[in-house]
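Following: one structure in structure tokens, then a few remarks.
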Amino acid sequence: DLKIEKTADSGVVNSGETIGFTIAVGNLGPGLAKNVTIDDTLPVFAGANWSISPAVQGCAISGGNLHCAFDELAALASVSVHITSPTTG
């Protein structure tokens, strides 16, 4: 069983500040999860320039979409991806 959560860095983001969020996927068990993927369409706004910070092997942003592919995720293991973008001020 897999669990996925998306959490904003802040409930309020003012113009000129960095916006960000974390997506975490966890394997609740009982066995090994294979071919785990995360796909998320990123918000579009003027000045959006999304990046993964820090870099996560298997994850990339292309055409406004986040895609992550993990061959395996052990039981009770998890992986997190943090995405950020500046906003225009």
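In the structure tokens, chains take the letters A, B, ... in the order shown, each chain's residues start at 1, and ligands count up from 1 in the order shown.
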
Residues of region 9-72 of chain A in strand (DSSP E), written as a compact mmCIF listing (two decimals) with N, CA and C atoms, in the first residue's frame:
```txt
# COMPACT_ATOMS: atom_id res chain seq x y z
N THR A 18 9.43 33.07 -2.38
CA THR A 18 9.52 31.74 -2.99
C THR A 18 8.31 30.91 -2.56
N ILE A 19 7.71 30.24 -3.52
CA ILE A 19 6.63 29.31 -3.24
C ILE A 19 7.20 27.90 -3.32
N GLY A 20 6.70 27.03 -2.49
CA GLY A 20 7.22 25.67 -2.53
C GLY A 20 6.27 24.68 -1.89
N PHE A 21 6.52 23.42 -2.21
CA PHE A 21 5.76 22.34 -1.58
C PHE A 21 6.58 21.06 -1.64
N THR A 22 6.18 20.12 -0.81
CA THR A 22 6.83 18.82 -0.75
C THR A 22 5.81 17.74 -1.07
N ILE A 23 6.22 16.80 -1.92
CA ILE A 23 5.41 15.62 -2.19
C ILE A 23 6.18 14.44 -1.60
N ALA A 24 5.49 13.68 -0.75
CA ALA A 24 6.10 12.51 -0.12
C ALA A 24 5.27 11.28 -0.45
N VAL A 25 5.96 10.22 -0.81
CA VAL A 25 5.29 8.94 -1.05
C VAL A 25 5.93 7.92 -0.12
N GLY A 26 5.10 7.14 0.54
CA GLY A 26 5.60 6.14 1.46
C GLY A 26 4.98 4.78 1.17
N ASN A 27 5.75 3.76 1.41
CA ASN A 27 5.28 2.39 1.26
C ASN A 27 4.87 1.88 2.63
N ALA A 33 7.49 -2.24 -3.00
CA ALA A 33 6.73 -1.61 -4.08
C ALA A 33 7.68 -1.41 -5.26
N LYS A 34 7.23 -1.81 -6.45
CA LYS A 34 8.07 -1.69 -7.64
C LYS A 34 7.44 -0.70 -8.61
N ASN A 35 8.32 -0.04 -9.39
CA ASN A 35 7.90 0.90 -10.44
C ASN A 35 6.98 2.00 -9.88
N VAL A 36 7.41 2.64 -8.81
CA VAL A 36 6.66 3.71 -8.16
C VAL A 36 6.89 5.01 -8.94
N THR A 37 5.81 5.70 -9.28
CA THR A 37 5.93 6.98 -9.99
C THR A 37 5.12 8.06 -9.29
N ILE A 38 5.59 9.30 -9.47
CA ILE A 38 4.88 10.50 -9.05
C ILE A 38 4.76 11.37 -10.28
N ASP A 39 3.55 11.82 -10.58
CA ASP A 39 3.32 12.76 -11.67
C ASP A 39 2.44 13.88 -11.12
N ASP A 40 2.88 15.13 -11.31
CA ASP A 40 2.13 16.26 -10.79
C ASP A 40 2.25 17.44 -11.76
N THR A 41 1.12 18.01 -12.12
CA THR A 41 1.12 19.22 -12.95
C THR A 41 1.37 20.41 -12.03
N SER A 51 11.82 24.29 -9.71
CA SER A 51 13.02 23.47 -9.60
C SER A 51 12.85 22.50 -8.43
N ILE A 52 13.63 21.43 -8.48
CA ILE A 52 13.64 20.43 -7.42
C ILE A 52 14.82 20.75 -6.51
N CYS A 59 13.88 12.08 -10.54
CA CYS A 59 12.86 13.13 -10.68
C CYS A 59 13.33 14.23 -11.64
N ALA A 60 12.38 14.76 -12.41
CA ALA A 60 12.68 15.84 -13.34
C ALA A 60 11.40 16.65 -13.57
N ILE A 61 11.60 17.90 -13.99
CA ILE A 61 10.51 18.79 -14.37
C ILE A 61 10.64 19.05 -15.85
N SER A 62 9.54 18.86 -16.58
CA SER A 62 9.53 19.10 -18.01
C SER A 62 8.15 19.58 -18.43
N ASN A 65 5.47 19.91 -15.76
CA ASN A 65 5.07 18.69 -15.05
C ASN A 65 6.25 18.11 -14.30
N LEU A 66 5.97 17.65 -13.08
CA LEU A 66 6.94 16.90 -12.30
C LEU A 66 6.73 15.43 -12.57
N HIS A 67 7.81 14.71 -12.85
CA HIS A 67 7.74 13.26 -13.02
C HIS A 67 8.88 12.63 -12.24
N CYS A 68 8.54 11.66 -11.40
CA CYS A 68 9.54 10.90 -10.67
C CYS A 68 9.28 9.42 -10.90
N ALA A 69 10.34 8.67 -11.06
CA ALA A 69 10.22 7.22 -11.24
C ALA A 69 11.26 6.55 -10.35
N PHE A 70 10.76 5.65 -9.50
CA PHE A 70 11.63 4.91 -8.58
C PHE A 70 11.43 3.43 -8.84
N ASP A 71 12.52 2.71 -9.07
CA ASP A 71 12.43 1.29 -9.38
C ASP A 71 11.79 0.51 -8.23
N GLU A 72 12.21 0.83 -7.00
CA GLU A 72 11.71 0.10 -5.84
C GLU A 72 11.59 1.03 -4.64
```

Go through A:Pro43, A:Pro30, A:Gly64, A:Gly58 and flag the residue nearest Leu76 (chain A), using only C-alpha atoms for the distances.
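Smallest distance to Leu76 (chain A) is found for A:Pro30.
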
Coordinates-based distance that separates CA of Gly63 (chain A) from CA of Val13 (chain A) (Å, one decimal)
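Between these atoms lies a distance of 23.3 Å.
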
So that I can see what lies close to region 44-46 of chain A, please list as a PDB file with all heavy atoms, in the first residue's frame the residues with an atom at most 8 Å from it, counting only C-alpha atoms and leaving out residues fewer than 2 positions away in the same chain.
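Now in selection_11.pdb:
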```
ATOM      1  N   LEU A  42       2.394  21.186 -12.338  1.00  0.00           N
ATOM      2  CA  LEU A  42       2.785  22.304 -11.483  1.00  0.00           C
ATOM      3  C   LEU A  42       1.962  23.546 -11.801  1.00  0.00           C
ATOM      4  O   LEU A  42       1.584  23.762 -12.952  1.00  0.00           O
ATOM      5  CB  LEU A  42       4.270  22.587 -11.663  1.00  0.00           C
ATOM      6  CG  LEU A  42       5.173  21.379 -11.373  1.00  0.00           C
ATOM      7  CD1 LEU A  42       6.616  21.708 -11.700  1.00  0.00           C
ATOM      8  CD2 LEU A  42       5.039  20.944  -9.924  1.00  0.00           C
ATOM      9  N   ALA A  48       6.896  31.859 -13.183  1.00  0.00           N
ATOM     10  CA  ALA A  48       7.120  30.523 -12.627  1.00  0.00           C
ATOM     11  C   ALA A  48       8.373  29.890 -13.226  1.00  0.00           C
ATOM     12  O   ALA A  48       8.573  29.916 -14.436  1.00  0.00           O
ATOM     13  CB  ALA A  48       5.915  29.627 -12.880  1.00  0.00           C
ATOM     14  N   GLY A  64       6.255  21.918 -17.431  1.00  0.00           N
ATOM     15  CA  GLY A  64       5.316  22.241 -16.358  1.00  0.00           C
ATOM     16  C   GLY A  64       4.806  21.039 -15.579  1.00  0.00           C
ATOM     17  O   GLY A  64       3.842  21.145 -14.823  1.00  0.00           O
ATOM     18  N   THR A  87       8.416  33.873  -7.118  1.00  0.00           N
ATOM     19  CA  THR A  87       7.238  34.590  -7.625  1.00  0.00           C
ATOM     20  C   THR A  87       7.695  35.995  -7.986  1.00  0.00           C
ATOM     21  O   THR A  87       8.718  36.472  -7.483  1.00  0.00           O
ATOM     22  CB  THR A  87       6.105  34.669  -6.576  1.00  0.00           C
ATOM     23  OG1 THR A  87       6.587  35.374  -5.431  1.00  0.00           O
ATOM     24  CG2 THR A  87       5.666  33.271  -6.162  1.00  0.00           C
ATOM     25  N   THR A  88       6.974  36.640  -8.867  1.00  0.00           N
ATOM     26  CA  THR A  88       7.372  37.978  -9.282  1.00  0.00           C
ATOM     27  C   THR A  88       6.820  39.007  -8.308  1.00  0.00           C
ATOM     28  O   THR A  88       5.776  38.824  -7.710  1.00  0.00           O
ATOM     29  CB  THR A  88       6.866  38.286 -10.696  1.00  0.00           C
ATOM     30  OG1 THR A  88       5.463  38.099 -10.733  1.00  0.00           O
ATOM     31  CG2 THR A  88       7.514  37.373 -11.724  1.00  0.00           C
TER      32      THR A  88
END
```
